[in-house]
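Student: This is run_16.cif (mmCIF, C-alpha atoms and all ligand atoms).
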data_model
#
loop_
_atom_site.label_atom_id
_atom_site.label_comp_id
_atom_site.auth_asym_id
_atom_site.auth_seq_id
_atom_site.Cartn_x
_atom_site.Cartn_y
_atom_site.Cartn_z
CA MET A 1276 0.00 0.00 0.00
CA SER A 1277 1.23 3.43 -0.82
CA PRO A 1278 2.29 5.57 2.12
CA ARG A 1279 0.34 8.40 0.49
CA ALA A 1280 -3.05 9.05 1.98
CA ASP A 1281 -5.81 8.79 -0.62
CA ALA A 1282 -6.80 12.41 -0.21
CA PHE A 1283 -3.18 13.35 -0.80
CA ALA A 1284 -3.00 11.30 -4.01
CA ARG A 1285 -6.17 13.00 -5.22
CA LEU A 1286 -4.67 16.41 -4.50
CA LEU A 1287 -1.57 15.49 -6.53
CA GLU A 1288 -3.80 14.34 -9.41
CA ALA A 1289 -5.75 17.59 -9.33
CA PHE A 1290 -2.58 19.70 -9.47
CA GLU A 1291 -1.21 17.60 -12.32
CA ARG A 1292 -4.16 18.68 -14.47
CA LEU A 1293 -2.79 22.23 -14.52
CA PRO A 1294 -0.82 23.14 -17.67
CA GLY A 1295 2.90 22.52 -17.29
CA VAL A 1296 2.58 20.88 -13.88
CA GLY A 1297 4.21 17.45 -13.58
CA PRO A 1298 4.47 15.06 -10.63
CA LYS A 1299 7.37 16.92 -9.00
CA THR A 1300 5.71 20.33 -9.08
CA ALA A 1301 2.41 18.83 -7.91
CA GLN A 1302 4.26 17.32 -4.91
CA ARG A 1303 5.88 20.64 -4.16
CA PHE A 1304 2.52 22.46 -4.26
CA ALA A 1305 0.75 19.83 -2.14
CA VAL A 1306 3.49 19.50 0.49
CA TYR A 1307 3.79 23.27 0.71
CA LEU A 1308 0.05 23.83 1.15
CA LEU A 1309 -0.55 21.00 3.62
CA ALA A 1310 2.64 21.28 5.66
CA GLU A 1311 3.53 24.96 5.50
CA ASP A 1312 0.58 27.15 4.53
CA ARG A 1313 -2.85 25.67 5.07
CA MET A 1314 -4.32 29.18 4.96
CA ALA A 1315 -3.12 29.45 1.36
CA ALA A 1316 -4.75 26.10 0.60
CA ALA A 1317 -8.06 27.32 2.02
CA GLN A 1318 -7.71 30.58 0.10
CA LEU A 1319 -7.11 28.72 -3.17
CA ALA A 1320 -10.02 26.33 -2.61
CA ASP A 1321 -12.26 29.28 -1.86
CA ALA A 1322 -11.07 31.35 -4.82
CA LEU A 1323 -11.67 28.41 -7.15
CA GLY A 1324 -15.14 27.77 -5.76
CA THR A 1325 -16.10 31.44 -5.90
CA GLY A 1326 -14.59 31.79 -9.35
CA LEU A 1327 -16.51 28.84 -10.73
CA GLN A 1328 -19.70 30.21 -9.27
CA ARG A 1329 -19.34 33.87 -10.25
CA ILE A 1330 -17.06 34.15 -13.24
CA GLY A 1331 -18.73 33.89 -16.60
CA ARG A 1332 -18.02 35.65 -19.88
CA CYS A 1333 -18.74 39.20 -20.95
CA ALA A 1334 -21.53 39.04 -23.54
CA ARG A 1335 -19.80 41.61 -25.69
CA CYS A 1336 -16.07 40.75 -25.61
CA ASN A 1337 -15.83 37.20 -24.29
CA THR A 1338 -13.47 38.03 -21.40
CA PHE A 1339 -14.04 36.81 -17.87
CA SER A 1340 -16.69 38.85 -16.12
CA GLU A 1341 -18.91 38.63 -13.08
CA SER A 1342 -21.61 40.66 -14.81
CA THR A 1343 -23.24 40.52 -18.24
CA LEU A 1344 -20.91 43.25 -19.48
CA CYS A 1345 -17.33 43.66 -18.28
CA SER A 1346 -16.23 47.07 -17.03
CA THR A 1347 -14.50 47.90 -20.34
CA CYS A 1348 -17.53 47.08 -22.49
CA ALA A 1349 -19.80 48.92 -20.07
CA ASP A 1350 -17.63 52.05 -20.30
CA GLU A 1351 -19.49 54.43 -22.62
CA SER A 1352 -16.43 56.60 -23.14
CA ARG A 1353 -14.76 53.84 -25.17
CA ASP A 1354 -14.78 54.12 -28.97
CA PRO A 1355 -17.08 51.41 -30.40
CA SER A 1356 -15.70 51.82 -33.93
CA VAL A 1357 -12.40 50.05 -33.15
CA LEU A 1358 -12.15 46.47 -31.96
CA ALA A 1359 -8.87 44.87 -30.85
CA ILE A 1360 -8.62 41.08 -30.85
CA VAL A 1361 -6.31 39.70 -28.18
CA GLU A 1362 -5.55 36.16 -27.06
CA THR A 1363 -5.94 36.51 -23.28
CA PRO A 1364 -7.02 38.89 -20.50
CA ALA A 1365 -3.32 39.44 -19.77
CA ASP A 1366 -2.76 40.66 -23.33
CA GLN A 1367 -5.72 43.01 -22.97
CA GLN A 1368 -4.21 44.36 -19.75
CA ALA A 1369 -0.89 44.92 -21.52
CA LEU A 1370 -2.62 47.02 -24.20
CA GLU A 1371 -4.61 48.93 -21.59
CA ALA A 1372 -1.38 49.70 -19.74
CA THR A 1373 -0.11 51.64 -22.78
CA LEU A 1374 -2.94 54.15 -22.23
CA GLY A 1375 -2.86 54.41 -26.02
CA TYR A 1376 -5.99 52.50 -26.90
CA GLN A 1377 -9.55 53.75 -26.46
CA GLY A 1378 -11.47 51.16 -28.49
CA LEU A 1379 -13.10 47.91 -27.41
CA TYR A 1380 -11.84 44.34 -27.32
CA TRP A 1381 -12.55 40.78 -28.24
CA VAL A 1382 -10.72 38.26 -26.04
CA LEU A 1383 -10.20 34.94 -27.81
CA MET A 1384 -9.18 33.05 -24.65
CA GLY A 1385 -6.61 31.17 -26.68
CA ARG A 1386 -5.16 30.87 -30.15
CA VAL A 1387 -5.67 28.36 -32.94
CA SER A 1388 -3.62 25.29 -32.00
CA PRO A 1389 -4.90 22.08 -33.55
CA LEU A 1390 -2.57 19.93 -31.42
CA ASP A 1391 -4.22 21.28 -28.27
CA GLY A 1392 -7.69 20.95 -29.77
CA ALA A 1393 -8.07 24.72 -30.18
CA THR A 1394 -9.91 25.25 -33.44
CA PRO A 1395 -11.76 28.22 -34.98
CA GLN A 1396 -14.92 26.48 -33.79
CA SER A 1397 -13.81 25.89 -30.21
CA LEU A 1398 -12.48 29.46 -30.05
CA GLY A 1399 -15.83 30.88 -31.15
CA PHE A 1400 -14.76 32.65 -34.36
CA GLU A 1401 -18.43 32.73 -35.35
CA ALA A 1402 -19.37 34.83 -32.31
CA LEU A 1403 -16.43 37.13 -33.01
CA LEU A 1404 -17.55 37.65 -36.60
CA ASP A 1405 -21.06 38.48 -35.40
CA ARG A 1406 -19.61 40.92 -32.88
CA ALA A 1407 -17.42 42.62 -35.48
CA SER A 1408 -20.40 42.94 -37.85
CA ASP A 1409 -22.49 45.06 -35.48
CA GLY A 1410 -22.45 47.98 -37.91
CA GLN A 1411 -20.46 50.19 -35.50
CA VAL A 1412 -17.05 48.59 -35.88
CA ARG A 1413 -14.99 50.25 -38.62
CA GLU A 1414 -11.55 48.78 -37.90
CA VAL A 1415 -10.44 45.50 -36.36
CA ILE A 1416 -6.91 45.47 -34.91
CA ILE A 1417 -5.62 41.91 -34.72
CA ALA A 1418 -3.35 41.94 -31.68
CA THR A 1419 -2.54 38.25 -31.33
CA ASN A 1420 0.99 37.31 -30.27
CA PHE A 1421 3.82 37.13 -32.78
CA THR A 1422 4.26 33.42 -32.17
CA VAL A 1423 3.70 30.74 -34.80
CA GLU A 1424 0.25 30.01 -33.40
CA GLY A 1425 -0.62 33.67 -32.92
CA GLU A 1426 0.37 34.42 -36.52
CA ALA A 1427 -1.68 31.51 -37.85
CA THR A 1428 -4.66 32.74 -35.84
CA ALA A 1429 -4.20 36.25 -37.19
CA PHE A 1430 -3.99 34.98 -40.75
CA MET A 1431 -7.29 33.12 -40.46
CA LEU A 1432 -9.04 35.98 -38.68
CA SER A 1433 -7.81 38.53 -41.18
CA ASP A 1434 -9.24 36.54 -44.06
CA LEU A 1435 -12.63 36.04 -42.41
CA LEU A 1436 -12.95 39.65 -41.28
CA LYS A 1437 -11.99 41.09 -44.66
CA ARG A 1438 -14.71 39.00 -46.29
CA LYS A 1439 -17.15 40.81 -44.02
CA GLY A 1440 -15.92 44.05 -45.58
CA LEU A 1441 -14.10 45.18 -42.45
CA LYS A 1442 -10.84 47.13 -42.34
CA VAL A 1443 -8.26 44.88 -40.70
CA THR A 1444 -4.94 46.01 -39.21
CA ARG A 1445 -2.22 44.32 -37.16
CA LEU A 1446 0.21 45.57 -34.54
CA ALA A 1447 3.47 46.64 -36.13
CA ARG A 1448 6.42 44.32 -35.89
CA GLY A 1449 9.75 45.96 -35.34
CA LEU A 1450 12.53 46.96 -33.03
CA PRO A 1451 11.76 47.48 -29.38
CA VAL A 1452 11.86 51.07 -28.21
CA GLY A 1453 15.50 51.70 -27.29
CA GLY A 1454 16.54 48.67 -29.33
CA GLU A 1455 19.73 48.58 -31.36
CA LEU A 1456 19.85 47.03 -34.81
CA GLU A 1457 22.98 45.12 -33.92
CA TYR A 1458 21.25 43.18 -31.17
CA VAL A 1459 17.85 42.52 -32.69
CA ASP A 1460 17.20 39.04 -34.06
CA LEU A 1461 17.16 38.77 -37.84
CA PRO A 1462 13.48 37.91 -38.39
CA THR A 1463 12.45 40.93 -36.32
CA LEU A 1464 14.84 43.22 -38.17
CA ALA A 1465 13.64 41.89 -41.52
CA ALA A 1466 10.00 42.45 -40.50
CA SER A 1467 10.79 45.93 -39.31
CA LEU A 1468 12.31 46.70 -42.70
CA ARG A 1469 9.27 45.34 -44.56
CA ASP A 1470 6.85 47.21 -42.28
CA ARG A 1471 8.75 50.51 -42.56
CA ARG A 1472 6.61 53.60 -42.21
CA PRO A 1473 6.79 57.10 -43.65
CA GLY A 1474 9.68 58.91 -41.90
CA MET B 454 -10.93 50.10 -13.30
CA SER B 455 -9.17 46.88 -14.11
CA PRO B 456 -10.80 44.66 -16.73
CA ARG B 457 -10.20 41.76 -14.33
CA ALA B 458 -13.23 40.62 -12.44
CA ASP B 459 -12.64 40.72 -8.68
CA ALA B 460 -13.11 36.99 -8.29
CA PHE B 461 -10.56 36.51 -11.04
CA ALA B 462 -8.03 38.76 -9.30
CA ARG B 463 -8.52 36.78 -6.09
CA LEU B 464 -7.90 33.54 -7.96
CA LEU B 465 -4.66 34.94 -9.38
CA GLU B 466 -3.57 36.01 -5.88
CA ALA B 467 -4.29 32.55 -4.50
CA PHE B 468 -2.22 30.86 -7.21
CA GLU B 469 0.65 33.29 -6.66
CA ARG B 470 1.01 32.00 -3.09
CA LEU B 471 2.20 28.64 -4.45
CA PRO B 472 5.98 28.19 -4.44
CA GLY B 473 7.60 29.23 -7.72
CA VAL B 474 4.37 30.61 -9.19
CA GLY B 475 4.57 34.19 -10.48
CA PRO B 476 1.93 36.39 -12.15
CA LYS B 477 2.37 34.82 -15.58
CA THR B 478 1.98 31.23 -14.40
CA ALA B 479 -0.95 32.22 -12.18
CA GLN B 480 -2.66 33.73 -15.27
CA ARG B 481 -2.02 30.57 -17.25
CA PHE B 482 -3.51 28.40 -14.50
CA ALA B 483 -6.57 30.63 -14.00
CA VAL B 484 -7.34 31.10 -17.70
CA TYR B 485 -6.92 27.38 -18.31
CA LEU B 486 -9.21 26.35 -15.46
CA LEU B 487 -11.93 28.92 -16.12
CA ALA B 488 -11.92 28.87 -19.92
CA GLU B 489 -10.86 25.36 -20.81
CA ASP B 490 -11.36 22.91 -17.96
CA ARG B 491 -13.83 23.93 -15.29
CA MET B 492 -14.10 20.29 -14.21
CA ALA B 493 -10.42 20.41 -13.28
CA ALA B 494 -11.05 23.59 -11.30
CA ALA B 495 -13.85 21.91 -9.38
CA GLN B 496 -11.66 18.85 -8.83
CA LEU B 497 -8.84 20.98 -7.44
CA ALA B 498 -11.15 22.96 -5.16
CA ASP B 499 -12.62 19.72 -3.89
CA ALA B 500 -9.25 18.01 -3.41
CA LEU B 501 -7.98 21.00 -1.46
CA GLY B 502 -11.07 21.13 0.75
CA THR B 503 -11.04 17.41 1.38
CA GLY B 504 -7.30 17.43 1.97
CA LEU B 505 -7.53 20.23 4.51
CA GLN B 506 -10.31 18.42 6.29
CA ARG B 507 -8.88 14.92 6.30
CA ILE B 508 -5.12 15.06 6.01
CA GLY B 509 -3.23 15.37 9.26
CA ARG B 510 0.08 13.87 10.35
CA CYS B 511 0.97 10.35 11.35
CA ALA B 512 1.65 10.38 15.09
CA ARG B 513 4.65 8.11 14.67
CA CYS B 514 6.47 9.32 11.52
CA ASN B 515 5.13 12.81 10.80
CA THR B 516 4.06 12.06 7.23
CA PHE B 517 0.65 13.04 5.84
CA SER B 518 -2.02 10.63 7.01
CA GLU B 519 -5.78 10.45 7.22
CA SER B 520 -5.58 8.25 10.35
CA THR B 521 -3.57 8.44 13.59
CA LEU B 522 -1.01 6.04 12.16
CA CYS B 523 -0.08 5.90 8.48
CA SER B 524 -0.19 2.54 6.72
CA THR B 525 3.58 2.07 7.01
CA CYS B 526 3.71 2.72 10.75
CA ALA B 527 0.65 0.53 11.28
CA ASP B 528 2.31 -2.36 9.43
CA GLU B 529 3.52 -4.77 12.13
CA SER B 530 5.79 -6.60 9.73
CA ARG B 531 8.11 -3.59 9.54
CA ASP B 532 11.33 -3.64 11.58
CA PRO B 533 11.04 -1.10 14.42
CA SER B 534 14.77 -1.17 15.13
CA VAL B 535 15.68 0.84 12.02
CA LEU B 536 14.46 4.37 11.35
CA ALA B 537 15.08 6.20 8.07
CA ILE B 538 14.85 9.99 8.06
CA VAL B 539 13.66 11.43 4.74
CA GLU B 540 12.79 14.96 3.67
CA THR B 541 9.43 14.37 1.96
CA PRO B 542 6.74 11.76 1.27
CA ALA B 543 8.10 11.50 -2.28
CA ASP B 544 11.52 10.54 -0.92
CA GLN B 545 9.91 7.90 1.28
CA GLN B 546 8.11 6.51 -1.76
CA ALA B 547 11.38 6.36 -3.65
CA LEU B 548 12.98 4.28 -0.88
CA GLU B 549 9.92 2.03 -0.66
CA ALA B 550 10.12 1.41 -4.39
CA THR B 551 13.57 -0.20 -3.98
CA LEU B 552 11.87 -2.98 -1.94
CA GLY B 553 15.18 -2.99 -0.04
CA TYR B 554 14.06 -1.34 3.17
CA GLN B 555 11.93 -2.93 5.88
CA GLY B 556 12.36 -0.41 8.67
CA LEU B 557 10.27 2.58 9.65
CA TYR B 558 10.51 6.26 8.71
CA TRP B 559 10.56 9.79 9.97
CA VAL B 560 9.43 12.32 7.39
CA LEU B 561 10.87 15.77 8.06
CA MET B 562 8.57 17.58 5.61
CA GLY B 563 11.44 19.79 4.60
CA ARG B 564 15.11 20.39 5.25
CA VAL B 565 16.97 23.00 7.27
CA SER B 566 16.95 26.18 5.20
CA PRO B 567 17.30 29.35 7.27
CA LEU B 568 16.52 31.59 4.29
CA ASP B 569 13.12 29.92 3.94
CA GLY B 570 12.52 30.01 7.69
CA ALA B 571 13.01 26.25 8.02
CA THR B 572 14.89 25.72 11.29
CA PRO B 573 15.48 22.67 13.51
CA GLN B 574 12.65 24.05 15.65
CA SER B 575 10.15 24.55 12.83
CA LEU B 576 11.05 21.11 11.43
CA GLY B 577 10.35 19.46 14.79
CA PHE B 578 13.79 17.98 15.50
CA GLU B 579 12.71 17.60 19.13
CA ALA B 580 9.85 15.28 18.20
CA LEU B 581 12.19 13.29 15.97
CA LEU B 582 14.71 12.85 18.81
CA ASP B 583 11.90 11.63 21.08
CA ARG B 584 10.75 9.21 18.42
CA ALA B 585 14.27 7.86 17.86
CA SER B 586 14.74 7.39 21.63
CA ASP B 587 11.84 4.99 22.04
CA GLY B 588 14.19 2.19 23.13
CA GLN B 589 13.43 0.08 20.05
CA VAL B 590 15.38 2.02 17.46
CA ARG B 591 18.95 0.71 17.11
CA GLU B 592 19.98 2.47 13.92
CA VAL B 593 18.96 5.73 12.32
CA ILE B 594 19.57 5.99 8.57
CA ILE B 595 19.77 9.64 7.53
CA ALA B 596 18.37 9.67 4.00
CA THR B 597 18.17 13.38 3.30
CA ASN B 598 19.00 14.57 -0.20
CA PHE B 599 22.60 15.12 -1.26
CA THR B 600 21.99 18.81 -1.80
CA VAL B 601 23.68 21.53 0.23
CA GLU B 602 20.62 21.90 2.44
CA GLY B 603 20.08 18.16 2.75
CA GLU B 604 23.71 17.68 3.78
CA ALA B 605 23.51 20.46 6.36
CA THR B 606 20.36 18.88 7.75
CA ALA B 607 22.08 15.48 7.91
CA PHE B 608 25.09 16.97 9.68
CA MET B 609 22.92 18.52 12.41
CA LEU B 610 20.78 15.42 12.82
CA SER B 611 23.78 13.12 12.99
CA ASP B 612 25.27 15.14 15.81
CA LEU B 613 22.04 15.26 17.82
CA LEU B 614 21.27 11.56 17.34
CA LYS B 615 24.75 10.39 18.29
CA ARG B 616 24.50 12.33 21.52
CA LYS B 617 21.47 10.18 22.30
CA GLY B 618 23.75 7.14 21.94
CA LEU B 619 22.16 6.01 18.67
CA LYS B 620 23.96 4.38 15.76
CA VAL B 621 23.72 6.77 12.82
CA THR B 622 24.28 5.86 9.16
CA ARG B 623 23.82 7.66 5.87
CA LEU B 624 22.95 6.51 2.39
CA ALA B 625 26.09 5.71 0.41
CA ARG B 626 27.41 8.23 -2.03
CA GLY B 627 26.21 6.19 -4.94
CA LEU B 628 23.95 9.11 -5.68
CA PRO B 629 25.28 11.86 -7.89
CA VAL B 630 26.27 15.00 -6.02
CA GLY B 631 23.30 17.35 -6.06
CA GLY B 632 21.01 14.43 -6.88
CA GLU B 633 17.55 13.97 -5.44
CA LEU B 634 16.25 10.60 -4.26
CA GLU B 635 13.02 10.93 -6.17
CA TYR B 636 14.80 10.89 -9.53
CA VAL B 637 17.54 8.34 -9.02
CA ASP B 638 17.17 5.03 -10.83
CA LEU B 639 16.17 2.11 -8.63
CA PRO B 640 19.37 0.00 -8.78
CA THR B 641 21.52 3.00 -7.81
CA LEU B 642 19.22 3.88 -4.96
CA ALA B 643 19.09 0.25 -3.79
CA ALA B 644 22.89 -0.02 -3.86
CA SER B 645 23.22 3.21 -2.01
CA LEU B 646 20.89 1.85 0.66
CA ARG B 647 22.96 -1.37 0.99
CA ASP B 648 26.22 0.56 1.18
CA ARG B 649 25.10 3.01 3.81
CA ARG B 650 28.02 4.28 5.86
CA PRO B 651 28.55 5.51 9.42
CA GLY B 652 27.14 9.02 9.65
ZN ZN C 1 -16.51 42.94 -22.27
ZN ZN C 2 3.65 6.92 9.96
#
What is this file in structure tokens?
Tutor:
Amino acid sequence: MSPRADAFARLLEAFERLPGVGPKTAQRFAVYLLAEDRMAAAQLADALGTGLQRIGRCARCNTFSESTLCSTCADESRDPSVLAIVETPADQQALEATLGYQGLYWVLMGRVSPLDGATPQSLGFEALLDRASDGQVREVIIATNFTVEGEATAFMLSDLLKRKGLKVTRLARGLPVGGELEYVDLPTLAASLRDRRPG
Amino acid sequence: MSPRADAFARLLEAFERLPGVGPKTAQRFAVYLLAEDRMAAAQLADALGTGLQRIGRCARCNTFSESTLCSTCADESRDPSVLAIVETPADQQALEATLGYQGLYWVLMGRVSPLDGATPQSLGFEALLDRASDGQVREVIIATNFTVEGEATAFMLSDLLKRKGLKVTRLARGLPVGGELEYVDLPTLAASLRDRRPG
């Protein structure tokens, strides 16, 4: 018989369902919570329970929200003619932090990744197309990540959105602010050359 | 106002209390559980709640247990004259898997690490010394990891146990320096158990 208590084994199993968490990390989490910080364990259990109960999706942008509309979509000072598509709430927060964007958002909650079972269907492209076709949106900024999967997602979205007659733009690729040509990787430098703007 | 729902922010905070989990990993966990696998979220909340309710410590060896005595300590076929001191339940499982050890255990649930606040006091060295002085134990095998902290822990324990007149041994240095019990292959670990040396 295993020296592990059953409840302990079940806790390890539950942690191992998290992305990127293997047996060793699950052990570390479980031992830490049960032996060193049971308050944190209670806090996590409670936050998960409350989250499952209260957190749904914003009807207008698909992000997590405890009300029908998230605070951004409910903000009437935002410009409804521009819609930025981002992969995650964290990406939305990054754009918000620039203080340079006043439009609205669509949060994909992922990116197309067939190996992980993330398809245009499972990501709700249909709902996004409906949202973008509300008659108010004039420009859709595709702000997915510049990863292979983010680029593939952008490519598909761009095609679908253009067919709806929408103006589609993407974030510029290029050197980071303060970056030096000598130290930028070649693909980025090449993209920055292609995407050059009027000087 | 942040686009994060409050319940979402609280979930992120709870995840960030886990060891080695920063804001980015917490986001990944929370988005995954809420957007992709709410069953896993419920399972984790339940496993944490059940664990907190049911999992205490074995009165005889300090490991996690749902009853007063864990299954190993309750097993009368084990040899009560030998006591192996390990850092974690995972290390105990690794020794059990060799099928080369019939004695009992003491599970420290950590190792001396002043920077993390883990001291001989917080690790319960006193209770271990009481346990080892039960009159039945003839040999204490110190089976802490061969890391800097594991070695320091072994050094302190060896000194304290010898003062109690106990025979102290250590696992042989068949393990690679810096190696952890949990990841050593079985034959090496078994040999290292056979070749244990005076501590
Ligand atoms: Zn919204
Ligand atoms: Zn026990």
Student: Find the spatial neighbours of Phe608 (chain B), counting all atoms listed in the file, within a cut-off of 12 Å - ignore same-chain residues fewer than 3 positions away - and output them as a ChimeraX atom specification.
Tutor: /B:564-565,573,595-599,601-605,611-615,621-623,651-652
Student: For the residues in that selection, give me C-alpha atoms as a PDB file, in the coordinates of the input.
Tutor:
ATOM      1  CA  ARG B 564      15.110  20.390   5.250  1.00  0.00           C
ATOM      2  CA  VAL B 565      16.970  23.000   7.270  1.00  0.00           C
ATOM      3  CA  PRO B 573      15.480  22.670  13.510  1.00  0.00           C
ATOM      4  CA  ILE B 595      19.770   9.640   7.530  1.00  0.00           C
ATOM      5  CA  ALA B 596      18.370   9.670   4.000  1.00  0.00           C
ATOM      6  CA  THR B 597      18.170  13.380   3.300  1.00  0.00           C
ATOM      7  CA  ASN B 598      19.000  14.570  -0.200  1.00  0.00           C
ATOM      8  CA  PHE B 599      22.600  15.120  -1.260  1.00  0.00           C
ATOM      9  CA  VAL B 601      23.680  21.530   0.230  1.00  0.00           C
ATOM     10  CA  GLU B 602      20.620  21.900   2.440  1.00  0.00           C
ATOM     11  CA  GLY B 603      20.080  18.160   2.750  1.00  0.00           C
ATOM     12  CA  GLU B 604      23.710  17.680   3.780  1.00  0.00           C
ATOM     13  CA  ALA B 605      23.510  20.460   6.360  1.00  0.00           C
ATOM     14  CA  SER B 611      23.780  13.120  12.990  1.00  0.00           C
ATOM     15  CA  ASP B 612      25.270  15.140  15.810  1.00  0.00           C
ATOM     16  CA  LEU B 613      22.040  15.260  17.820  1.00  0.00           C
ATOM     17  CA  LEU B 614      21.270  11.560  17.340  1.00  0.00           C
ATOM     18  CA  LYS B 615      24.750  10.390  18.290  1.00  0.00           C
ATOM     19  CA  VAL B 621      23.720   6.770  12.820  1.00  0.00           C
ATOM     20  CA  THR B 622      24.280   5.860   9.160  1.00  0.00           C
ATOM     21  CA  ARG B 623      23.820   7.660   5.870  1.00  0.00           C
ATOM     22  CA  PRO B 651      28.550   5.510   9.420  1.00  0.00           C
ATOM     23  CA  GLY B 652      27.140   9.020   9.650  1.00  0.00           C
TER      24      GLY B 652
END
Student: Residues at most 12 Å from ligand ZN 2 (chain C), using all atoms listed in the file? Could they come as a ChimeraX atom specification?
Tutor: /A:1277-1280 /B:509-529,531,533,536-538,542,545,556-561,584
Student: Please find the residues of chain A near chain B - the criterion being any atom within 6 Å, counting only C-alpha atoms - and write them as a PyMOL selection string.
Tutor: chain A and resi 1280+1282+1286+1289+1319-1320+1322-1323+1326+1340+1346
Student: Using all C-alpha atoms matched in sequence order, least-squares fit chain A onto chain B and give the RMSD rounded to one decimal in Å.
Tutor: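 With chain A fitted onto chain B, the C-alpha RMSD reads 5.5 Å.
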Student: CA of Gly577 (chain B) and CA of Met609 (chain B), how far apart in Å?
Tutor: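 Here the two named atoms are 12.8 Å from each other.
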Student: Write out as a list in words which residues come within 12 Å of Gly1454 (chain A) when counting all atoms listed in the file, dropping same-chain ones fewer than 5 positions away.
Tutor: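 With the cut-off at 12 Å, the set is Gly1449, Val1459, Asp1460, Thr1463, Leu1464 and Ser1467 of chain A.
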Student: Store the residues of this selection in a file with C-alpha atoms, as an mmCIF file, keeping the file's coordinate frame.
Tutor:
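Ended up saving to part_35.cif:
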data_model
loop_
_atom_site.group_PDB
_atom_site.id
_atom_site.type_symbol
_atom_site.label_atom_id
_atom_site.label_comp_id
_atom_site.auth_asym_id
_atom_site.auth_seq_id
_atom_site.Cartn_x
_atom_site.Cartn_y
_atom_site.Cartn_z
ATOM 1 C CA GLY A 1449 9.750 45.960 -35.340
ATOM 2 C CA VAL A 1459 17.850 42.520 -32.690
ATOM 3 C CA ASP A 1460 17.200 39.040 -34.060
ATOM 4 C CA THR A 1463 12.450 40.930 -36.320
ATOM 5 C CA LEU A 1464 14.840 43.220 -38.170
ATOM 6 C CA SER A 1467 10.790 45.930 -39.310
#
Student: To one decimal place in Å, what is the distance between CA of Pro567 (chain B) and CA of Arg649 (chain B)?
Tutor: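 Taking CA of Pro567 (chain B) as the start and CA of Arg649 (chain B) as the end point, the length is 27.7 Å.
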Student: Using Å and a single decimal, report how far CA of Gln1377 (chain A) sits from CA of Asp1470 (chain A).
Tutor: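 So the answer is 23.7 Å.
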